[in-house]
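Enquirer: Structure file work_31.cif, mmCIF, C-alpha atoms and all ligand atoms, is pasted below:
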data_input
#
loop_
_atom_site.label_atom_id
_atom_site.label_comp_id
_atom_site.auth_asym_id
_atom_site.auth_seq_id
_atom_site.Cartn_x
_atom_site.Cartn_y
_atom_site.Cartn_z
CA MET D 1446 75.19 118.07 51.36
CA LEU D 1447 72.63 116.29 53.54
CA SER D 1448 70.33 114.69 51.01
CA GLU D 1449 69.20 111.25 52.09
CA LYS D 1450 69.85 112.19 55.73
CA THR D 1451 67.11 112.59 58.31
CA VAL D 1452 67.84 114.97 61.15
CA LEU D 1453 65.56 114.62 64.15
CA ILE D 1454 65.38 117.88 66.09
CA GLY D 1455 64.19 117.81 69.70
CA ILE D 1456 63.08 121.13 71.15
CA THR D 1457 62.57 121.64 74.89
CA GLY D 1458 61.04 124.49 76.86
CA GLY D 1459 63.64 127.25 76.91
CA ILE D 1460 63.55 130.73 75.42
CA ALA D 1461 66.17 129.75 72.82
CA ALA D 1462 63.50 127.48 71.27
CA TYR D 1463 62.62 130.33 68.89
CA LYS D 1464 66.14 130.12 67.37
CA ILE D 1465 65.53 126.52 66.29
CA CYS D 1466 63.18 127.72 63.54
CA GLU D 1467 66.29 129.03 61.78
CA LEU D 1468 68.23 125.82 62.52
CA ILE D 1469 65.47 123.82 60.79
CA ARG D 1470 65.79 126.13 57.76
CA MET D 1471 69.58 125.57 57.70
CA PHE D 1472 69.09 121.81 57.54
CA LYS D 1473 66.34 122.14 54.93
CA ARG D 1474 68.55 124.39 52.78
CA HIS D 1475 71.06 121.53 52.72
CA ASN D 1476 68.37 119.08 51.60
CA ALA D 1477 68.00 117.15 54.84
CA ASN D 1478 64.71 115.56 55.78
CA VAL D 1479 63.88 117.24 59.11
CA ARG D 1480 61.62 115.72 61.74
CA VAL D 1481 60.77 117.71 64.85
CA ILE D 1482 59.59 116.62 68.26
CA CYS D 1483 58.94 119.01 71.14
CA THR D 1484 58.33 118.69 74.83
CA PRO D 1485 54.95 120.13 75.86
CA ASN D 1486 56.81 123.07 77.51
CA ALA D 1487 58.54 123.96 74.23
CA MET D 1488 55.11 124.86 72.87
CA ASN D 1489 55.13 127.91 75.16
CA PHE D 1490 57.90 129.36 72.98
CA VAL D 1491 57.16 128.16 69.41
CA THR D 1492 54.04 127.01 67.60
CA LYS D 1493 53.41 123.64 66.06
CA LEU D 1494 52.25 125.33 62.86
CA THR D 1495 55.56 127.21 62.44
CA LEU D 1496 57.60 124.06 62.98
CA GLN D 1497 55.42 122.01 60.65
CA ASN D 1498 55.69 124.59 57.90
CA LEU D 1499 59.45 124.90 58.25
CA SER D 1500 60.17 121.18 58.50
CA GLN D 1501 57.40 120.18 56.07
CA ASN D 1502 56.62 117.30 58.37
CA GLU D 1503 54.20 116.45 61.16
CA VAL D 1504 55.53 117.64 64.55
CA GLY D 1505 55.45 115.19 67.47
CA ILE D 1506 54.62 116.43 70.96
CA GLU D 1507 52.54 113.98 72.94
CA GLU D 1508 53.20 110.26 73.06
CA PHE D 1509 50.57 107.90 71.65
CA GLU D 1510 49.33 110.71 69.37
CA ILE D 1511 49.68 109.08 65.95
CA PRO D 1512 48.17 105.61 65.68
CA ASP D 1513 50.72 103.28 64.13
CA PHE D 1514 51.59 99.60 64.33
CA LYS D 1515 54.99 100.60 65.76
CA PRO D 1516 55.18 102.65 68.97
CA GLU D 1517 55.77 106.23 67.90
CA HIS D 1518 59.02 106.77 69.81
CA ILE D 1519 60.53 103.72 68.14
CA SER D 1520 59.50 104.94 64.66
CA TYR D 1521 61.16 108.32 65.25
CA ALA D 1522 64.30 106.67 66.62
CA ASP D 1523 64.55 104.23 63.70
CA GLU D 1524 63.97 106.78 60.98
CA ALA D 1525 66.56 109.44 61.81
CA ASP D 1526 70.34 109.40 61.18
CA ILE D 1527 71.07 111.83 63.99
CA MET D 1528 69.19 113.56 66.79
CA VAL D 1529 69.84 117.17 67.80
CA ILE D 1530 68.30 118.38 71.06
CA ALA D 1531 68.38 122.16 71.13
CA PRO D 1532 67.82 123.96 73.34
CA ALA D 1533 68.15 121.28 76.02
CA THR D 1534 66.88 122.56 79.37
CA ALA D 1535 68.46 121.50 82.67
CA ASN D 1536 65.30 119.45 83.24
CA THR D 1537 65.59 117.46 80.02
CA VAL D 1538 69.36 117.03 80.52
CA ALA D 1539 68.62 115.58 83.97
CA LYS D 1540 65.97 113.24 82.61
CA ILE D 1541 68.19 111.91 79.83
CA ALA D 1542 71.12 111.48 82.24
CA ASN D 1543 68.90 109.42 84.52
CA GLY D 1544 66.98 107.40 81.96
CA ILE D 1545 63.62 109.06 82.63
CA CYS D 1546 61.20 108.72 79.69
CA ASP D 1547 58.12 110.72 80.63
CA ASN D 1548 57.39 112.40 77.30
CA LEU D 1549 57.86 111.71 73.61
CA LEU D 1550 61.25 113.45 73.38
CA THR D 1551 62.84 111.67 76.34
CA SER D 1552 61.37 108.33 75.20
CA VAL D 1553 62.81 108.79 71.71
CA VAL D 1554 66.27 109.71 72.95
CA SER D 1555 66.39 106.66 75.20
CA ALA D 1556 65.64 104.42 72.20
CA PHE D 1557 68.00 106.27 69.86
CA LYS D 1558 71.06 104.23 68.90
CA LYS D 1559 72.68 106.72 66.51
CA PRO D 1560 74.57 109.91 67.45
CA VAL D 1561 72.77 112.41 69.67
CA ILE D 1562 73.88 116.04 69.92
CA ILE D 1563 72.73 117.95 72.97
CA ALA D 1564 72.98 121.76 73.05
CA PRO D 1565 72.05 122.90 76.55
CA ALA D 1566 70.85 126.43 77.29
CA MET D 1567 69.92 127.78 80.70
CA ASN D 1568 70.61 130.47 83.28
CA CYS D 1569 74.33 130.70 84.17
CA ASN D 1570 73.77 129.80 87.83
CA MET D 1571 71.89 126.70 86.75
CA TRP D 1572 74.71 125.77 84.32
CA GLU D 1573 77.29 126.08 87.10
CA ASN D 1574 75.21 124.00 89.53
CA PRO D 1575 77.35 120.93 90.38
CA ILE D 1576 74.38 118.58 90.04
CA ILE D 1577 73.70 119.84 86.52
CA GLN D 1578 77.41 119.59 85.71
CA GLU D 1579 77.37 116.01 86.98
CA ASN D 1580 74.49 115.23 84.62
CA ILE D 1581 76.39 116.79 81.70
CA GLN D 1582 79.47 114.71 82.53
CA LYS D 1583 77.32 111.61 82.69
CA LEU D 1584 76.05 112.36 79.19
CA TYR D 1585 79.62 112.82 77.92
CA LYS D 1586 80.54 109.53 79.55
CA HIS D 1587 77.76 107.73 77.73
CA GLY D 1588 78.88 109.07 74.36
CA TYR D 1589 76.46 111.96 73.84
CA GLU D 1590 77.88 114.89 71.87
CA ILE D 1591 77.52 118.10 73.86
CA VAL D 1592 77.70 121.49 72.20
CA GLU D 1593 78.30 123.50 75.34
CA PRO D 1594 76.55 126.84 75.93
CA GLU D 1595 78.38 130.09 75.33
CA ALA D 1596 79.06 133.05 77.59
CA GLY D 1597 77.20 136.31 77.04
CA PHE D 1598 74.07 138.28 77.89
CA LEU D 1599 71.26 135.88 78.78
CA ALA D 1600 67.53 136.33 78.19
CA CYS D 1601 66.99 136.22 81.98
CA GLY D 1602 69.11 139.38 82.37
CA TYR D 1603 72.24 137.69 83.69
CA ASN D 1604 75.65 137.79 82.06
CA GLY D 1605 77.43 134.42 82.09
CA THR D 1606 77.69 131.00 80.49
CA GLY D 1607 74.36 129.49 79.51
CA ARG D 1608 73.41 130.94 76.13
CA LEU D 1609 72.64 128.37 73.44
CA ALA D 1610 75.74 127.77 71.29
CA SER D 1611 75.59 129.48 67.91
CA LEU D 1612 73.41 127.77 65.32
CA ASP D 1613 76.46 127.53 63.05
CA LYS D 1614 78.29 125.54 65.70
CA ILE D 1615 75.35 123.14 66.19
CA PHE D 1616 74.88 122.81 62.43
CA ASP D 1617 78.61 122.23 61.76
CA LYS D 1618 78.81 119.60 64.50
CA THR D 1619 75.84 117.76 62.99
CA VAL D 1620 77.32 117.80 59.48
CA GLU D 1621 80.72 116.78 60.80
CA ILE D 1622 79.26 113.75 62.58
CA LEU D 1623 77.06 112.75 59.67
CA ASN D 1624 79.90 112.98 57.18
CA SER D 1625 82.85 111.74 59.18
CA LYS D 1626 81.24 109.07 61.25
CA LYS D 1627 83.27 106.22 59.84
CA LYS D 1628 86.55 107.99 59.04
CA LEU D 1629 88.53 105.36 60.96
CA ALA D 1630 86.64 102.32 59.64
CA GLY D 1631 89.05 99.45 59.01
CA LYS D 1632 91.67 100.81 61.44
CA LYS D 1633 92.59 99.00 64.63
CA ILE D 1634 93.41 101.43 67.44
CA VAL D 1635 94.78 100.28 70.77
CA ILE D 1636 94.60 102.73 73.68
CA THR D 1637 95.88 102.38 77.24
CA ALA D 1638 94.41 104.25 80.19
CA GLY D 1639 94.67 104.72 83.94
CA GLY D 1640 97.46 104.48 86.46
CA THR D 1641 99.07 101.07 86.88
CA ILE D 1642 98.89 99.41 90.28
CA GLU D 1643 102.06 97.86 91.69
CA ASP D 1644 101.49 95.60 94.68
CA ILE D 1645 103.47 95.97 97.90
CA ASP D 1646 101.60 93.17 99.66
CA PRO D 1647 98.02 91.80 99.44
CA VAL D 1648 96.55 95.00 100.96
CA ARG D 1649 98.85 97.82 99.80
CA TYR D 1650 100.05 99.14 96.50
CA ILE D 1651 101.87 101.97 94.71
CA SER D 1652 99.89 103.87 92.10
CA ASN D 1653 99.19 107.42 90.89
CA TYR D 1654 96.33 109.89 90.51
CA SER D 1655 95.54 109.13 86.85
CA SER D 1656 91.76 108.83 86.40
CA GLY D 1657 91.95 107.09 83.04
CA LYS D 1658 89.49 109.65 81.61
CA MET D 1659 91.69 110.86 78.74
CA GLY D 1660 92.35 107.33 77.48
CA LEU D 1661 88.65 106.50 77.82
CA ALA D 1662 87.70 109.62 75.85
CA LEU D 1663 90.16 108.63 73.10
CA ALA D 1664 88.68 105.14 72.94
CA ASP D 1665 85.10 106.51 72.83
CA GLU D 1666 85.98 108.88 69.99
CA ALA D 1667 87.94 106.24 68.03
CA HIS D 1668 84.96 103.90 68.37
CA LYS D 1669 82.55 106.62 67.20
CA LEU D 1670 84.75 107.15 64.15
CA GLY D 1671 84.37 103.49 63.25
CA ALA D 1672 87.77 102.16 64.39
CA GLU D 1673 88.12 98.68 65.84
CA THR D 1674 88.88 99.96 69.33
CA ILE D 1675 90.68 98.17 72.13
CA LEU D 1676 90.99 99.88 75.48
CA ILE D 1677 93.53 98.43 77.88
CA THR D 1678 92.78 100.02 81.21
CA THR D 1679 93.31 99.70 84.94
CA LYS D 1680 89.79 101.08 85.58
CA ASP D 1681 86.42 99.32 85.60
CA VAL D 1682 84.47 100.28 82.49
CA GLN D 1683 81.85 98.67 80.32
CA LYS D 1684 81.62 99.62 76.68
CA SER D 1685 80.41 98.16 73.43
CA TYR D 1686 84.01 97.94 72.21
CA LYS D 1687 86.73 95.61 73.58
CA ILE D 1688 88.02 96.36 77.07
CA ILE D 1689 91.02 94.57 78.58
CA LYS D 1690 91.32 95.18 82.31
CA VAL D 1691 94.87 95.08 83.66
CA LYS D 1692 96.53 96.00 86.91
CA SER D 1693 100.30 96.30 86.79
CA ALA D 1694 102.70 97.71 84.20
CA SER D 1695 103.80 94.20 83.32
CA GLU D 1696 100.18 93.07 82.72
CA MET D 1697 99.64 96.18 80.61
CA GLN D 1698 102.75 95.44 78.57
CA THR D 1699 101.62 91.87 77.85
CA ALA D 1700 98.16 93.06 76.79
CA VAL D 1701 99.53 95.82 74.51
CA GLU D 1702 102.06 93.50 72.91
CA ASN D 1703 99.35 90.90 72.20
CA GLU D 1704 97.41 93.52 70.23
CA PHE D 1705 100.36 95.34 68.65
CA ASN D 1706 101.25 93.38 65.51
CA ASN D 1707 98.08 94.01 63.52
CA ALA D 1708 97.30 97.40 65.09
CA ASP D 1709 97.34 100.59 63.02
CA CYS D 1710 97.86 102.87 65.97
CA VAL D 1711 98.72 102.57 69.66
CA ILE D 1712 98.09 105.46 72.02
CA MET D 1713 99.75 105.14 75.42
CA ALA D 1714 97.59 107.43 77.55
CA ALA D 1715 98.16 105.30 80.67
CA ALA D 1716 100.23 106.59 83.56
CA VAL D 1717 102.57 103.63 83.82
CA ALA D 1718 104.47 103.35 87.10
CA ASP D 1719 108.18 103.74 86.43
CA TYR D 1720 109.07 101.39 89.30
CA ARG D 1721 107.55 98.38 91.05
CA VAL D 1722 108.37 96.76 94.37
CA LYS D 1723 111.28 94.37 93.91
CA ASN D 1724 109.92 91.49 95.97
CA HIS D 1725 106.32 92.15 96.78
CA SER D 1726 105.17 90.21 99.80
CA GLU D 1727 102.61 87.40 99.47
CA GLN D 1728 101.59 88.06 103.08
CA LYS D 1729 100.56 91.33 104.71
CA ILE D 1730 103.70 93.13 105.94
CA LYS D 1731 103.49 93.47 109.71
CA LYS D 1732 104.36 96.62 111.62
CA THR D 1733 107.67 96.33 113.50
CA ASP D 1734 109.25 98.33 116.32
CA SER D 1735 111.39 100.22 113.83
CA ASP D 1736 110.27 103.78 112.91
CA THR D 1737 111.18 103.32 109.26
CA ILE D 1738 110.68 100.74 106.58
CA THR D 1739 112.53 100.42 103.28
CA LEU D 1740 110.94 99.23 100.07
CA GLU D 1741 113.29 98.32 97.28
CA LEU D 1742 111.95 99.31 93.85
CA VAL D 1743 113.02 98.04 90.45
CA LYS D 1744 112.45 99.72 87.12
CA ASN D 1745 109.42 98.71 85.05
CA PRO D 1746 109.84 98.21 81.33
CA ASP D 1747 109.19 101.37 79.31
CA ILE D 1748 106.28 100.02 77.26
CA LEU D 1749 106.15 102.99 74.89
CA LYS D 1750 109.86 102.98 74.17
CA GLU D 1751 109.87 99.24 73.50
CA LEU D 1752 106.89 99.54 71.13
CA CYS D 1753 108.64 102.34 69.23
CA ALA D 1754 111.77 100.23 68.88
CA LYS D 1755 109.89 97.40 67.18
CA LYS D 1756 107.18 99.26 65.26
CA THR D 1757 106.81 98.74 61.52
CA THR D 1758 103.72 100.45 60.07
CA GLN D 1759 102.07 101.36 63.36
CA ILE D 1760 101.61 104.96 64.45
CA VAL D 1761 102.74 105.12 68.07
CA VAL D 1762 101.55 107.97 70.28
CA GLY D 1763 102.77 108.77 73.77
CA PHE D 1764 101.56 111.10 76.48
CA CYS D 1765 103.79 113.29 78.54
CA ALA D 1766 102.67 114.39 81.98
CA GLU D 1767 104.83 117.22 83.32
CA SER D 1768 104.55 119.51 86.32
CA GLU D 1769 107.24 121.94 85.06
CA ASN D 1770 109.08 122.91 81.83
CA LEU D 1771 106.41 121.25 79.72
CA ILE D 1772 107.76 121.96 76.23
CA GLU D 1773 111.45 121.33 76.98
CA ASN D 1774 110.67 118.03 78.72
CA ALA D 1775 108.25 117.00 75.97
CA LYS D 1776 110.81 117.69 73.21
CA GLU D 1777 113.37 115.59 75.02
CA LYS D 1778 110.84 112.81 75.67
CA ILE D 1779 109.67 112.43 72.05
CA GLN D 1780 113.31 111.98 71.00
CA LYS D 1781 114.09 109.57 73.80
CA LYS D 1782 111.02 107.40 73.25
CA GLY D 1783 111.03 107.56 69.44
CA CYS D 1784 107.26 107.94 69.05
CA ASP D 1785 105.40 109.57 66.15
CA TYR D 1786 103.42 111.96 68.34
CA LEU D 1787 103.64 113.02 71.95
CA ILE D 1788 100.69 114.65 73.71
CA ALA D 1789 102.05 116.99 76.37
CA ASN D 1790 99.92 118.11 79.28
CA ASP D 1791 100.65 120.24 82.28
CA ILE D 1792 99.60 118.33 85.40
CA SER D 1793 100.38 121.25 87.73
CA ARG D 1794 97.14 122.97 86.63
CA LYS D 1795 94.10 122.08 88.72
CA ASP D 1796 91.53 122.94 86.03
CA ILE D 1797 92.81 120.40 83.49
CA GLY D 1798 94.59 117.06 83.35
CA PHE D 1799 94.49 114.49 86.17
CA SER D 1800 90.93 113.72 87.33
CA SER D 1801 89.51 116.74 85.51
CA ASP D 1802 86.95 116.34 82.72
CA TYR D 1803 88.84 118.96 80.74
CA ASN D 1804 92.25 119.11 79.18
CA GLU D 1805 94.51 121.43 77.23
CA VAL D 1806 97.42 119.84 75.41
CA ILE D 1807 100.24 120.44 72.97
CA ILE D 1808 100.76 117.81 70.29
CA LEU D 1809 104.38 117.35 69.27
CA ASP D 1810 105.26 115.35 66.19
CA LYS D 1811 108.51 113.57 65.34
CA ASN D 1812 109.39 116.22 62.72
CA GLY D 1813 109.45 118.99 65.30
CA GLY D 1814 105.91 120.30 64.65
CA GLN D 1815 103.73 121.56 67.50
CA LYS D 1816 100.00 122.13 67.75
CA ARG D 1817 98.21 123.52 70.79
CA LEU D 1818 94.68 122.32 71.52
CA GLU D 1819 92.87 124.93 73.63
CA LYS D 1820 91.05 123.89 76.81
CA ALA D 1821 88.04 121.70 76.03
CA SER D 1822 86.31 118.57 77.30
CA LYS D 1823 88.49 115.47 77.17
CA ASN D 1824 86.20 114.04 74.46
CA GLU D 1825 86.68 117.12 72.30
CA ILE D 1826 90.47 117.01 72.87
CA ALA D 1827 90.41 113.28 72.02
CA ARG D 1828 88.54 113.96 68.78
CA GLN D 1829 91.06 116.63 67.80
CA ILE D 1830 94.02 114.37 68.64
CA LEU D 1831 92.61 111.65 66.36
CA GLU D 1832 92.05 114.25 63.68
CA VAL D 1833 95.71 115.36 63.85
CA ILE D 1834 96.95 111.77 63.73
CA TYR D 1835 94.72 110.87 60.76
CA GLU D 1836 94.72 114.22 58.98
N1 LIG H 1901 105.29 104.99 79.66
C1 LIG H 1901 105.43 103.64 79.38
N2 LIG H 1901 106.08 102.84 80.25
C2 LIG H 1901 106.62 103.33 81.38
C3 LIG H 1901 106.51 104.71 81.68
C4 LIG H 1901 105.83 105.51 80.79
O1 LIG H 1901 104.93 103.20 78.34
N3 LIG H 1901 107.26 102.53 82.18
C5 LIG H 1901 104.61 105.84 78.68
C6 LIG H 1901 103.37 106.54 79.18
O2 LIG H 1901 102.21 105.76 78.93
C7 LIG H 1901 103.36 107.82 78.35
C8 LIG H 1901 104.84 108.10 78.14
O3 LIG H 1901 105.51 106.88 78.35
O4 LIG H 1901 102.75 107.63 77.11
C9 LIG H 1901 105.43 109.15 79.02
O5 LIG H 1901 105.13 108.91 80.37
P1 LIG H 1901 105.67 109.91 81.50
O6 LIG H 1901 105.24 109.39 82.82
O7 LIG H 1901 105.34 111.32 81.13
O8 LIG H 1901 107.22 109.77 81.29
P2 LIG H 1901 108.27 108.78 81.83
O9 LIG H 1901 108.87 108.05 80.68
O10 LIG H 1901 107.70 107.93 82.91
O11 LIG H 1901 109.38 109.78 82.40
P3 LIG H 1901 109.30 110.71 83.71
O12 LIG H 1901 108.42 109.98 84.69
O13 LIG H 1901 110.71 110.80 84.13
O14 LIG H 1901 108.74 112.02 83.27
#
What's the C-alpha cells form of this structure?
Expert:
Amino acid sequence: MLSEKTVLIGITGGIAAYKICELIRMFKRHNANVRVICTPNAMNFVTKLTLQNLSQNEVGIEEFEIPDFKPEHISYADEADIMVIAPATANTVAKIANGICDNLLTSVVSAFKKPVIIAPAMNCNMWENPIIQENIQKLYKHGYEIVEPEAGFLACGYNGTGRLASLDKIFDKTVEILNSKKKLAGKKIVITAGGTIEDIDPVRYISNYSSGKMGLALADEAHKLGAETILITTKDVQKSYKIIKVKSASEMQTAVENEFNNADCVIMAAAVADYRVKNHSEQKIKKTDSDTITLELVKNPDILKELCAKKTTQIVVGFCAESENLIENAKEKIQKKGCDYLIANDISRKDIGFSSDYNEVIILDKNGGQKRLEKASKNEIARQILEVIYE
C-alpha cells in the first residue's frame, strides 16, 4: 500500500514515545521506507537501537552528526513524502508554531514542504492551556494536519484529554493523505469567506461577526487536495493559492462572477450582508441635535441565488447560518436558492460557528439527503464537506 513512499517519523520526549515503535512496524508492514528522527529528550523513553532495528535505517538525533555534502536537515526533508511527529510535546509544538529550529527535528520540520502530521500528547491541563491551544491553532492555520489527543487515563495519573491519539488514527490519516493528496487535481474551486463590509460613510460601516475561518479552512483543504483554489475574502490572508480581497457584497459578486464560468465548484461560505446603505456618504456624517438618525438600506443582490440561476456544470454550495429552527430553515433555503448543497450551522452555539475554530454542521443536498458532521476543527469539517461534494 505504501511502497515507494518514505514516511519520516519525528519522536519527541513524551511517555507515549514507546508506542511509536509499533507505529513504525505498521508502516513497515505496508512496505513504506521509514526514517526516524528524535529529539534528544525522546531518547529518555526509547533507544536508538530499537528504532534503528524497527525502521531498518539510521536514526537521526543530533544535528551535524552525519557528514554529507547537503545539510542533514535538508536531506531528511527532501527525501520523505510525509512527516509524522508523534508524540509531539507541548514544547515541540510551541517551537514549530514559532519557527524555532534548535534541534534536528525542529530544523527538519521547518524545511519540510510536504504534508506534516502532528499528534500531540501531554497532560490534560497542559493541553487546555490557552497558550498551547493558540500554538495548535497557529499550526492548523499554517496547514499542518493535527491528530488531536484523546480523552482517557493519562500516564501522569490524571483523567482528561491529552493521551496520544490511537496509532490506527495516526496511521489512517497518513495513508489517507499519501493516497488522496491530489484527488481534486484539475478542478477549479472558488470559495468566498468573511462578512462583507457595507460603508455608511468614510469611517463607519455595517458588517457582521463572521471570522472567515470556515471559508479559509475550505480553501486550505481544497488546495491540499490539488484543486486550483481561489479564495475571495474580506479578510487579510496570504497563501500560496490565489486570494482576491474584496470589501462589499457588490465587490464580492463581481469577483465571483469573473471566476464562475470555468469553475467546477463555487462554495459561498461568506456572510454576505443582505442590505447596504442606500446612499452612503462620501463625507463623515456629523452628529446633529436630533436624538435619532435614520439610515435607508437597500437590498444587496443574492449572489448565491443568482449563481444557481445561471449555473451549467458547476456545483454550487451555500452556507446557512441560523440561530433557531436550523433544519426547517435550511430545507426552505436550499429550495429557495436552488443550490446543490447547503451547509447548515447553528450560530446560537458559542462552542462552534462564528469566530470559533470548531464547527458542527448538517449537509443538505438538493435531493433531500442530510448528513451530520460531528463537532471537529473547521479544517476537518472542511475536508469532510469536500469529500461529500466529490464522493
Ligand atoms: N448569500 C449570498 N448573497 C446574499 C446573502 C447570502 O450569496 N446577499 C449566501 C451566503 O453566502 C450563504 C447563503 O446565501 O451561502 C445563505 O446565507 P444566509 O445569511 O444564511 O441566508 P440569507 O439568504 O441571507 O437569508 P436570511 O438572512 O434571511 O437567513
Enquirer: Taking only C-alpha atoms and all ligand atoms into account, which of D:Tyr1521, D:Phe1764, D:Tyr1603, D:Tyr1835 comes nearest ligand LIG 1901 (chain H)?
Expert: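 When distances to ligand LIG 1901 (chain H) are compared using only C-alpha atoms and all ligand atoms, the smallest one comes from D:Phe1764.
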Enquirer: Write out as JSON an axis-aligned box for ligand LIG 1901 (chain H): all of its atoms listed in the file, 4 Å added on each side, centre and edge lengths in Å with one decimal.
Expert:
{"center_x": 106.5, "center_y": 107.3, "center_z": 80.9, "size_x": 16.5, "size_y": 17.5, "size_z": 15.6}
Enquirer: Taking only C-alpha atoms and all ligand atoms and a cut-off of 8 Å, can you tell me which residues surround ligand LIG 1901 (chain H), written as a VMD selection string?
Expert: chain D and resid 1637 1694 1712 to 1720 1744 to 1751 1762 to 1767 1774 1778 1782 1787
Enquirer: Save the residues we just selected, C-alpha atoms, as an mmCIF file, keeping the file's coordinate frame?
Expert:
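Dumped to result-v4.cif:
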data_model
loop_
_atom_site.group_PDB
_atom_site.id
_atom_site.type_symbol
_atom_site.label_atom_id
_atom_site.label_comp_id
_atom_site.auth_asym_id
_atom_site.auth_seq_id
_atom_site.Cartn_x
_atom_site.Cartn_y
_atom_site.Cartn_z
ATOM 1 C CA THR D 1637 95.880 102.380 77.240
ATOM 2 C CA ALA D 1694 102.700 97.710 84.200
ATOM 3 C CA ILE D 1712 98.090 105.460 72.020
ATOM 4 C CA MET D 1713 99.750 105.140 75.420
ATOM 5 C CA ALA D 1714 97.590 107.430 77.550
ATOM 6 C CA ALA D 1715 98.160 105.300 80.670
ATOM 7 C CA ALA D 1716 100.230 106.590 83.560
ATOM 8 C CA VAL D 1717 102.570 103.630 83.820
ATOM 9 C CA ALA D 1718 104.470 103.350 87.100
ATOM 10 C CA ASP D 1719 108.180 103.740 86.430
ATOM 11 C CA TYR D 1720 109.070 101.390 89.300
ATOM 12 C CA LYS D 1744 112.450 99.720 87.120
ATOM 13 C CA ASN D 1745 109.420 98.710 85.050
ATOM 14 C CA PRO D 1746 109.840 98.210 81.330
ATOM 15 C CA ASP D 1747 109.190 101.370 79.310
ATOM 16 C CA ILE D 1748 106.280 100.020 77.260
ATOM 17 C CA LEU D 1749 106.150 102.990 74.890
ATOM 18 C CA LYS D 1750 109.860 102.980 74.170
ATOM 19 C CA GLU D 1751 109.870 99.240 73.500
ATOM 20 C CA VAL D 1762 101.550 107.970 70.280
ATOM 21 C CA GLY D 1763 102.770 108.770 73.770
ATOM 22 C CA PHE D 1764 101.560 111.100 76.480
ATOM 23 C CA CYS D 1765 103.790 113.290 78.540
ATOM 24 C CA ALA D 1766 102.670 114.390 81.980
ATOM 25 C CA GLU D 1767 104.830 117.220 83.320
ATOM 26 C CA ASN D 1774 110.670 118.030 78.720
ATOM 27 C CA LYS D 1778 110.840 112.810 75.670
ATOM 28 C CA LYS D 1782 111.020 107.400 73.250
ATOM 29 C CA LEU D 1787 103.640 113.020 71.950
#
Enquirer: For Gly1657 in chain D, work out the shell of residues within 8 Å, counting only C-alpha atoms and skipping chain neighbours fewer than 4 positions away, then give it as a VMD selection string.
Expert: chain D and resid 1638 to 1640 1661 1678 to 1680 1714 to 1715 1800
Enquirer: Range 1807-1820 of chain D: which residues within 6 Å, counting only C-alpha atoms, same-chain residues fewer than 5 positions away excluded, as number ranges by chain?
Expert: D: 1785-1789
Enquirer: Please work out which residues fall within 9 Å of (76.8, 121.6, 57.7), coordinates as given in the file, with all atoms listed in the file counting, and return them as a count of residues only.
Expert: 13
Enquirer: Do you know which residues are at most 7 Å from Ile1527 in chain D counting all atoms listed in the file, after dropping those on the same chain fewer than 5 positions away, and could you put them as a VMD selection string?
Expert: chain D and resid 1451 to 1453 1559 to 1561
Enquirer: Report the distance between CA of Val1701 in chain D and CA of Lys1776 in chain D in Å, rounded to one decimal place.
Expert: 24.6 Å
Enquirer: His1587 in chain D: which residues within 12 Å, counting only C-alpha atoms, same-chain residues fewer than 3 positions away excluded, as JSON, numbers by chain?
Expert: {"D": [1541, 1542, 1543, 1544, 1555, 1558, 1560, 1561, 1580, 1581, 1582, 1583, 1584, 1590, 1591, 1661, 1662, 1665, 1666, 1669, 1682, 1683, 1684, 1685, 1824]}
Enquirer: Just the selected residues (C-alpha atoms), exported as a short mmCIF file (atom, residue, chain, number, x, y, z; two decimals), in the frame of the given file, please.
Expert:
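The result, stored in out.cif:
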data_model
loop_
_atom_site.label_atom_id
_atom_site.label_comp_id
_atom_site.auth_asym_id
_atom_site.auth_seq_id
_atom_site.Cartn_x
_atom_site.Cartn_y
_atom_site.Cartn_z
CA ILE D 1541 68.19 111.91 79.83
CA ALA D 1542 71.12 111.48 82.24
CA ASN D 1543 68.90 109.42 84.52
CA GLY D 1544 66.98 107.40 81.96
CA SER D 1555 66.39 106.66 75.20
CA LYS D 1558 71.06 104.23 68.90
CA PRO D 1560 74.57 109.91 67.45
CA VAL D 1561 72.77 112.41 69.67
CA ASN D 1580 74.49 115.23 84.62
CA ILE D 1581 76.39 116.79 81.70
CA GLN D 1582 79.47 114.71 82.53
CA LYS D 1583 77.32 111.61 82.69
CA LEU D 1584 76.05 112.36 79.19
CA GLU D 1590 77.88 114.89 71.87
CA ILE D 1591 77.52 118.10 73.86
CA LEU D 1661 88.65 106.50 77.82
CA ALA D 1662 87.70 109.62 75.85
CA ASP D 1665 85.10 106.51 72.83
CA GLU D 1666 85.98 108.88 69.99
CA LYS D 1669 82.55 106.62 67.20
CA VAL D 1682 84.47 100.28 82.49
CA GLN D 1683 81.85 98.67 80.32
CA LYS D 1684 81.62 99.62 76.68
CA SER D 1685 80.41 98.16 73.43
CA ASN D 1824 86.20 114.04 74.46
#
Enquirer: Choose the residue, out of D:Gln1501, D:Thr1674, D:Asn1653, D:Ser1448, that has the smallest atom-to-atom separation from Asn1476 in chain D; count all atoms listed in the file.
Expert: D:Ser1448
Enquirer: Please identify all polymer residues within 8 Å of Val1554 in chain D, counting only C-alpha atoms, omitting same-chain residues fewer than 2 positions from it, and present them as a list in words.
Expert: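 After dropping sequence-adjacent residues, the list is Ala1522, Met1528, Ile1541, Leu1550, Thr1551, Ser1552, Ala1556, Phe1557 and Val1561 of chain D.
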Enquirer: Kindly indicate which residue among D:Lys1732, D:Lys1493, D:Lys1692, D:Lys1723 lies nearest to Ile1456 in chain D, using all atoms listed in the file for the distances.
Expert: D:Lys1493
Enquirer: Record the distance separating CA of Ser1801 in chain D and CA of Pro1594 in chain D, expressed in Å with one decimal.
Expert: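 If I compute the distance from CA of Ser1801 in chain D to CA of Pro1594 in chain D, I get 19.0 Å.
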Enquirer: If you measure from CA of Asn1706 in chain D to CA of Ala1775 in chain D, what distance in Å do you get, rounded to one decimal?
Expert: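 Interatomic distance here is 26.8 Å.
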Enquirer: Pick from D:Ile1519, D:Ile1506, D:Cys1753, D:Leu1499: nearest to Gly1455 in chain D, with all atoms listed in the file counted?
Expert: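 The shortest atom-to-atom distance to Gly1455 in chain D comes from D:Ile1506.
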Enquirer: Have a look at D:Ile1760, D:Leu1740, D:Leu1629, D:Ala1754 and name the one nearest to Lys1781 in chain D; count only C-alpha atoms.
Expert: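 Comparing D:Ile1760, D:Leu1740, D:Leu1629, D:Ala1754 against Lys1781 in chain D, the winner is D:Ala1754.
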